[in-house]
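What follows is the content of final_13.tsv (TSV, C-alpha atoms).
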chain	number	residue	atom	x	y	z
A	173	MET	CA	-18.41	-36.50	-11.10
A	174	LEU	CA	-15.15	-36.62	-13.02
A	175	ALA	CA	-15.52	-38.02	-16.51
A	176	THR	CA	-13.03	-40.61	-17.65
A	177	PRO	CA	-10.27	-38.54	-19.25
A	178	SER	CA	-9.27	-39.26	-22.81
A	179	SER	CA	-5.62	-40.07	-23.32
A	180	ALA	CA	-5.25	-36.85	-25.35
A	181	CYS	CA	-6.32	-34.68	-22.40
A	182	VAL	CA	-4.19	-35.73	-19.42
A	183	LEU	CA	-0.84	-34.78	-17.97
A	184	THR	CA	1.73	-37.48	-18.56
A	185	GLN	CA	3.51	-39.00	-15.60
A	186	GLY	CA	6.43	-36.81	-14.69
A	187	SER	CA	4.78	-33.59	-15.89
A	188	LEU	CA	4.26	-32.41	-12.33
A	189	LEU	CA	7.71	-31.74	-10.91
A	190	ARG	CA	7.20	-31.37	-7.14
A	191	VAL	CA	4.90	-29.99	-4.50
A	192	HIS	CA	5.13	-26.20	-4.84
A	193	HIS	CA	3.37	-25.15	-1.66
A	194	ILE	CA	0.89	-26.25	0.95
A	195	ALA	CA	-1.65	-23.72	2.21
A	196	LEU	CA	-3.33	-24.12	5.58
A	197	ASN	CA	-6.00	-21.94	7.15
A	198	VAL	CA	-5.16	-21.17	10.79
A	199	ARG	CA	-7.26	-19.64	13.55
A	200	ASP	CA	-4.41	-18.25	15.72
A	201	MET	CA	-1.58	-16.91	13.57
A	202	GLN	CA	0.82	-16.35	16.48
A	203	ALA	CA	0.32	-19.87	17.87
A	204	SER	CA	0.76	-21.35	14.40
A	205	ARG	CA	3.91	-19.32	13.71
A	206	GLN	CA	5.40	-20.52	16.99
A	207	PHE	CA	4.35	-24.11	16.26
A	208	TYR	CA	5.80	-24.30	12.74
A	209	GLY	CA	8.70	-21.88	13.27
A	210	LEU	CA	9.93	-22.47	16.81
A	211	LEU	CA	8.70	-25.94	17.72
A	212	LEU	CA	9.19	-27.66	14.35
A	213	GLY	CA	12.13	-25.46	13.32
A	214	LEU	CA	10.91	-24.29	9.92
A	215	ARG	CA	12.39	-21.01	8.69
A	216	GLU	CA	9.91	-18.19	8.14
A	217	LEU	CA	10.32	-16.31	4.87
A	218	THR	CA	10.94	-12.58	5.21
A	219	GLY	CA	11.53	-9.58	2.96
A	220	ALA	CA	12.23	-10.42	-0.67
A	221	GLU	CA	11.81	-14.17	0.06
A	222	VAL	CA	8.04	-13.70	0.46
A	223	PRO	CA	6.20	-14.50	-2.79
A	224	ALA	CA	5.24	-11.22	-4.48
A	225	THR	CA	1.59	-12.26	-4.63
A	226	LEU	CA	1.51	-12.52	-0.82
A	227	THR	CA	3.65	-9.52	0.23
A	228	GLU	CA	0.72	-7.27	1.12
A	229	LEU	CA	-1.05	-10.01	3.09
A	230	VAL	CA	2.17	-10.81	4.98
A	231	GLU	CA	2.61	-7.11	5.82
A	232	GLN	CA	-0.98	-7.05	7.14
A	233	GLY	CA	-0.33	-10.12	9.33
A	234	LYS	CA	-2.85	-12.20	7.38
A	235	VAL	CA	-0.33	-14.67	5.93
A	236	ALA	CA	2.94	-16.22	7.10
A	237	ASN	CA	5.22	-18.32	4.88
A	238	PHE	CA	7.66	-21.01	5.94
A	239	ILE	CA	10.10	-23.10	3.95
A	240	THR	CA	10.28	-26.84	4.58
A	241	PRO	CA	13.59	-28.72	4.49
A	242	ASP	CA	12.96	-29.87	0.91
A	243	GLY	CA	12.10	-26.37	-0.31
A	244	THR	CA	8.31	-26.65	-0.28
A	245	VAL	CA	6.60	-23.47	0.91
A	246	LEU	CA	4.06	-23.72	3.72
A	247	ASP	CA	1.58	-20.82	3.59
A	248	LEU	CA	-0.48	-20.07	6.70
A	249	PHE	CA	-3.61	-18.02	6.00
A	250	TRP	CA	-5.18	-16.32	9.03
A	251	GLU	CA	-8.86	-17.20	9.35
A	252	PRO	CA	-9.82	-16.07	12.88
A	253	GLU	CA	-13.32	-17.56	12.60
A	254	LEU	CA	-12.01	-20.97	11.46
A	255	LEU	CA	-13.80	-23.94	12.92
A	256	PRO	CA	-12.89	-27.54	12.24
A	257	PRO	CA	-15.50	-29.50	10.27
A	258	ASN	CA	-16.00	-31.61	13.40
A	259	SER	CA	-15.51	-30.33	16.94
A	260	ASP	CA	-13.58	-33.53	17.74
A	261	PRO	CA	-10.04	-32.95	16.41
A	262	ALA	CA	-9.56	-36.73	16.14
A	263	GLN	CA	-11.98	-36.65	13.19
A	264	GLN	CA	-10.22	-35.99	9.90
A	265	PHE	CA	-10.80	-32.79	7.99
A	266	THR	CA	-12.86	-33.34	4.88
A	267	ARG	CA	-10.52	-31.61	2.44
A	268	ALA	CA	-7.11	-32.57	3.79
A	269	ASN	CA	-5.61	-35.53	5.61
A	270	HIS	CA	-2.23	-34.61	7.04
A	271	LEU	CA	1.08	-32.89	6.43
A	272	ALA	CA	4.13	-35.16	6.80
A	273	PHE	CA	7.71	-34.17	7.51
A	274	GLU	CA	10.69	-36.52	7.06
A	275	ILE	CA	13.36	-36.69	9.76
A	276	GLU	CA	16.61	-38.62	10.11
A	277	PRO	CA	16.06	-41.86	12.07
A	278	ALA	CA	18.63	-40.79	14.68
A	279	LEU	CA	16.54	-37.69	15.49
A	280	PHE	CA	13.10	-39.31	15.62
A	281	ASP	CA	12.99	-39.99	19.37
A	282	GLN	CA	14.19	-36.43	20.06
A	283	ALA	CA	11.33	-35.08	17.91
A	284	VAL	CA	8.80	-37.12	19.90
A	285	GLU	CA	10.30	-35.78	23.13
A	286	VAL	CA	10.00	-32.19	21.85
A	287	LEU	CA	6.31	-32.78	21.15
A	288	ARG	CA	5.73	-34.26	24.59
A	289	HIS	CA	7.74	-31.55	26.34
A	290	ASN	CA	5.64	-28.89	24.63
A	291	GLN	CA	2.41	-30.75	25.51
A	292	VAL	CA	1.44	-31.16	21.84
A	293	ALA	CA	-1.59	-33.43	21.50
A	294	ILE	CA	-0.38	-36.71	19.98
A	295	ALA	CA	-3.06	-38.45	17.94
A	296	HIS	CA	-1.26	-41.72	17.24
A	297	GLY	CA	2.12	-43.20	17.88
A	298	PRO	CA	4.96	-43.31	17.84
A	299	VAL	CA	4.49	-46.33	15.60
A	300	SER	CA	6.99	-48.62	13.91
A	301	ARG	CA	6.22	-50.14	10.54
A	302	PRO	CA	8.31	-51.87	7.87
A	303	THR	CA	8.38	-48.49	6.08
A	304	GLY	CA	9.73	-46.64	9.12
A	305	ARG	CA	8.56	-44.88	12.26
A	306	GLY	CA	5.97	-42.16	12.62
A	307	VAL	CA	4.15	-40.01	15.11
A	308	TYR	CA	0.93	-38.12	14.35
A	309	PHE	CA	-0.03	-34.97	16.24
A	310	TYR	CA	-2.19	-31.87	15.99
A	311	ASP	CA	-1.18	-28.31	15.15
A	312	PRO	CA	-2.91	-25.46	17.04
A	313	ASP	CA	-5.91	-25.63	14.69
A	314	GLY	CA	-6.40	-29.38	14.95
A	315	PHE	CA	-4.75	-30.17	11.60
A	316	LEU	CA	-3.02	-33.56	11.65
A	317	VAL	CA	0.77	-33.43	11.18
A	318	GLU	CA	3.19	-36.35	10.99
A	319	ILE	CA	6.91	-36.66	11.62
A	320	ARG	CA	8.27	-39.85	10.06
A	321	CYS	CA	11.57	-41.52	9.29
A	322	ASP	CA	12.75	-44.41	7.19
A	323	PRO	CA	13.74	-47.60	9.03
A	324	GLY	CA	16.90	-46.94	10.98
What is this structure when it is put down as structure tokens?
Amino acid sequence: MLATPSSACVLTQGSLLRVHHIALNVRDMQASRQFYGLLLGLRELTGAEVPATLTELVEQGKVANFITPDGTVLDLFWEPELLPPNSDPAQQFTRANHLAFEIEPALFDQAVEVLRHNQVAIAHGPVSRPTGRGVYFYDPDGFLVEIRCDPG
């Protein structure tokens, strides 16, 4: 259990600048590369763009890196024996909830159509809320992903 931190031993608000990267374990590297690269349109890092600490793993086909529109790196780690914590993909993973991507409101319906056209399993939505619209769907390993937009 986490002890109550003393005020002398905490990071102050604003110390953390941004999300640096998100790392996901994936069972089928090729399916995941197609999903994040082709279907969702993220650019895969190649050559000198690959973080030096991951170069050897990328060369071995054990890791793939993508860059999100805001510059966050998405690392996919190949775990061929990966099983979800629950065989029902509608049950949330115990150590992660979901990965959310922002999209322009004018492109939201097109994104939903791309998911449907590619027979991606949609978990929930599209939904409209005061904060915007969203659709939740599963990647090839059953990880929950969201595409959302501000109110249009």
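As for CA of Gly233 (chain A) and CA of Asn290 (chain A), they are spaced 24.9 Å apart.
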Pick out the residues sitting within 10 Å of Tyr208 (chain A), and hand them over as JSON, numbers by chain; count all atoms listed in the file, and ignore anything fewer than 4 positions along from it in its own chain. {"A": [203, 204, 212, 213, 214, 215, 216, 237, 238, 239, 240, 246, 248, 311, 312]}
Just-selected residues, C-alpha atoms written as an mmCIF file, keeping the file's coordinate frame:
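So again.cif came out as:
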data_model
loop_
_atom_site.group_PDB
_atom_site.id
_atom_site.type_symbol
_atom_site.label_atom_id
_atom_site.label_comp_id
_atom_site.auth_asym_id
_atom_site.auth_seq_id
_atom_site.Cartn_x
_atom_site.Cartn_y
_atom_site.Cartn_z
ATOM 1 C CA ALA A 203 0.320 -19.870 17.870
ATOM 2 C CA SER A 204 0.760 -21.350 14.400
ATOM 3 C CA LEU A 212 9.190 -27.660 14.350
ATOM 4 C CA GLY A 213 12.130 -25.460 13.320
ATOM 5 C CA LEU A 214 10.910 -24.290 9.920
ATOM 6 C CA ARG A 215 12.390 -21.010 8.690
ATOM 7 C CA GLU A 216 9.910 -18.190 8.140
ATOM 8 C CA ASN A 237 5.220 -18.320 4.880
ATOM 9 C CA PHE A 238 7.660 -21.010 5.940
ATOM 10 C CA ILE A 239 10.100 -23.100 3.950
ATOM 11 C CA THR A 240 10.280 -26.840 4.580
ATOM 12 C CA LEU A 246 4.060 -23.720 3.720
ATOM 13 C CA LEU A 248 -0.480 -20.070 6.700
ATOM 14 C CA ASP A 311 -1.180 -28.310 15.150
ATOM 15 C CA PRO A 312 -2.910 -25.460 17.040
#
For Val235 (chain A), list every protein, DNA or RNA residue within 12 Å, evaluated using all atoms listed in the file, and leave out those in the same chain fewer than 6 positions away; present the list as a PyMOL selection string. chain A and resi 195-202+204-205+216-218+222-223+225-229+246-252
Written file, previous selection with C-alpha atoms, as a compact mmCIF listing (two decimals), in the frame of the given file:
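The result, written out as selection_20.txt:
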# COMPACT_ATOMS: atom_id res chain seq x y z
CA ALA A 195 -1.65 -23.72 2.21
CA LEU A 196 -3.33 -24.12 5.58
CA ASN A 197 -6.00 -21.94 7.15
CA VAL A 198 -5.16 -21.17 10.79
CA ARG A 199 -7.26 -19.64 13.55
CA ASP A 200 -4.41 -18.25 15.72
CA MET A 201 -1.58 -16.91 13.57
CA GLN A 202 0.82 -16.35 16.48
CA SER A 204 0.76 -21.35 14.40
CA ARG A 205 3.91 -19.32 13.71
CA GLU A 216 9.91 -18.19 8.14
CA LEU A 217 10.32 -16.31 4.87
CA THR A 218 10.94 -12.58 5.21
CA VAL A 222 8.04 -13.70 0.46
CA PRO A 223 6.20 -14.50 -2.79
CA THR A 225 1.59 -12.26 -4.63
CA LEU A 226 1.51 -12.52 -0.82
CA THR A 227 3.65 -9.52 0.23
CA GLU A 228 0.72 -7.27 1.12
CA LEU A 229 -1.05 -10.01 3.09
CA LEU A 246 4.06 -23.72 3.72
CA ASP A 247 1.58 -20.82 3.59
CA LEU A 248 -0.48 -20.07 6.70
CA PHE A 249 -3.61 -18.02 6.00
CA TRP A 250 -5.18 -16.32 9.03
CA GLU A 251 -8.86 -17.20 9.35
CA PRO A 252 -9.82 -16.07 12.88
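Every protein, DNA or RNA residue with an atom at most 10 Å from Ile275 (chain A), where only C-alpha atoms count and chain neighbours fewer than 4 positions away do not, is listed here: A:Pro241, A:Leu279, A:Phe280, A:Ala283, A:Arg305, A:Gly306, A:Ile319, A:Arg320, A:Cys321, A:Asp322.
Among the candidate residues A:Val307, A:Ala224, A:Leu287, A:Leu255, the one lying nearest to Phe207 (chain A) is A:Leu287, with distances computed using all atoms listed in the file.
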Kindly add N, CA and C atoms to the incomplete region 197-215 of chain A and provide the output as a PDB file, in the frame of the given file.
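Below is the file that was written, rebuild.pdb:
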ATOM      1  N   ASN A 197      -5.301 -22.997   6.436  1.00  0.00           N
ATOM      2  CA  ASN A 197      -6.000 -21.940   7.150  1.00  0.00           C
ATOM      3  C   ASN A 197      -5.749 -22.150   8.638  1.00  0.00           C
ATOM      4  N   VAL A 198      -5.438 -21.075   9.349  1.00  0.00           N
ATOM      5  CA  VAL A 198      -5.160 -21.170  10.790  1.00  0.00           C
ATOM      6  C   VAL A 198      -5.998 -20.148  11.542  1.00  0.00           C
ATOM      7  N   ARG A 199      -6.431 -20.518  12.734  1.00  0.00           N
ATOM      8  CA  ARG A 199      -7.260 -19.640  13.550  1.00  0.00           C
ATOM      9  C   ARG A 199      -6.397 -18.653  14.335  1.00  0.00           C
ATOM     10  N   ASP A 200      -5.270 -19.093  14.885  1.00  0.00           N
ATOM     11  CA  ASP A 200      -4.410 -18.250  15.720  1.00  0.00           C
ATOM     12  C   ASP A 200      -3.042 -18.167  15.048  1.00  0.00           C
ATOM     13  N   MET A 201      -2.806 -17.063  14.350  1.00  0.00           N
ATOM     14  CA  MET A 201      -1.580 -16.910  13.570  1.00  0.00           C
ATOM     15  C   MET A 201      -0.340 -17.003  14.465  1.00  0.00           C
ATOM     16  N   GLN A 202      -0.354 -16.350  15.609  1.00  0.00           N
ATOM     17  CA  GLN A 202       0.820 -16.350  16.480  1.00  0.00           C
ATOM     18  C   GLN A 202       1.127 -17.770  16.978  1.00  0.00           C
ATOM     19  N   ALA A 203       0.107 -18.501  17.412  1.00  0.00           N
ATOM     20  CA  ALA A 203       0.320 -19.870  17.870  1.00  0.00           C
ATOM     21  C   ALA A 203       0.841 -20.750  16.738  1.00  0.00           C
ATOM     22  N   SER A 204       0.316 -20.550  15.543  1.00  0.00           N
ATOM     23  CA  SER A 204       0.760 -21.350  14.400  1.00  0.00           C
ATOM     24  C   SER A 204       2.179 -20.998  13.983  1.00  0.00           C
ATOM     25  N   ARG A 205       2.527 -19.730  14.033  1.00  0.00           N
ATOM     26  CA  ARG A 205       3.910 -19.320  13.710  1.00  0.00           C
ATOM     27  C   ARG A 205       4.885 -19.930  14.712  1.00  0.00           C
ATOM     28  N   GLN A 206       4.530 -19.917  15.974  1.00  0.00           N
ATOM     29  CA  GLN A 206       5.400 -20.520  16.990  1.00  0.00           C
ATOM     30  C   GLN A 206       5.496 -22.027  16.772  1.00  0.00           C
ATOM     31  N   PHE A 207       4.369 -22.666  16.450  1.00  0.00           N
ATOM     32  CA  PHE A 207       4.350 -24.110  16.260  1.00  0.00           C
ATOM     33  C   PHE A 207       5.243 -24.521  15.091  1.00  0.00           C
ATOM     34  N   TYR A 208       5.026 -23.914  13.918  1.00  0.00           N
ATOM     35  CA  TYR A 208       5.800 -24.300  12.740  1.00  0.00           C
ATOM     36  C   TYR A 208       7.213 -23.730  12.748  1.00  0.00           C
ATOM     37  N   GLY A 209       7.383 -22.513  13.267  1.00  0.00           N
ATOM     38  CA  GLY A 209       8.700 -21.880  13.270  1.00  0.00           C
ATOM     39  C   GLY A 209       9.590 -22.306  14.422  1.00  0.00           C
ATOM     40  N   LEU A 210       9.098 -22.159  15.644  1.00  0.00           N
ATOM     41  CA  LEU A 210       9.930 -22.470  16.810  1.00  0.00           C
ATOM     42  C   LEU A 210       9.934 -23.958  17.140  1.00  0.00           C
ATOM     43  N   LEU A 211       8.772 -24.547  17.292  1.00  0.00           N
ATOM     44  CA  LEU A 211       8.700 -25.940  17.720  1.00  0.00           C
ATOM     45  C   LEU A 211       9.220 -26.905  16.667  1.00  0.00           C
ATOM     46  N   LEU A 212       8.753 -26.747  15.407  1.00  0.00           N
ATOM     47  CA  LEU A 212       9.190 -27.660  14.350  1.00  0.00           C
ATOM     48  C   LEU A 212      10.435 -27.179  13.619  1.00  0.00           C
ATOM     49  N   GLY A 213      10.868 -25.943  13.867  1.00  0.00           N
ATOM     50  CA  GLY A 213      12.130 -25.460  13.320  1.00  0.00           C
ATOM     51  C   GLY A 213      12.123 -25.084  11.854  1.00  0.00           C
ATOM     52  N   LEU A 214      10.946 -24.764  11.297  1.00  0.00           N
ATOM     53  CA  LEU A 214      10.910 -24.290   9.920  1.00  0.00           C
ATOM     54  C   LEU A 214      11.284 -22.815   9.889  1.00  0.00           C
ATOM     55  N   ARG A 215      11.956 -22.402   8.819  1.00  0.00           N
ATOM     56  CA  ARG A 215      12.390 -21.010   8.690  1.00  0.00           C
ATOM     57  C   ARG A 215      11.286 -20.197   8.032  1.00  0.00           C
TER      58      ARG A 215
END
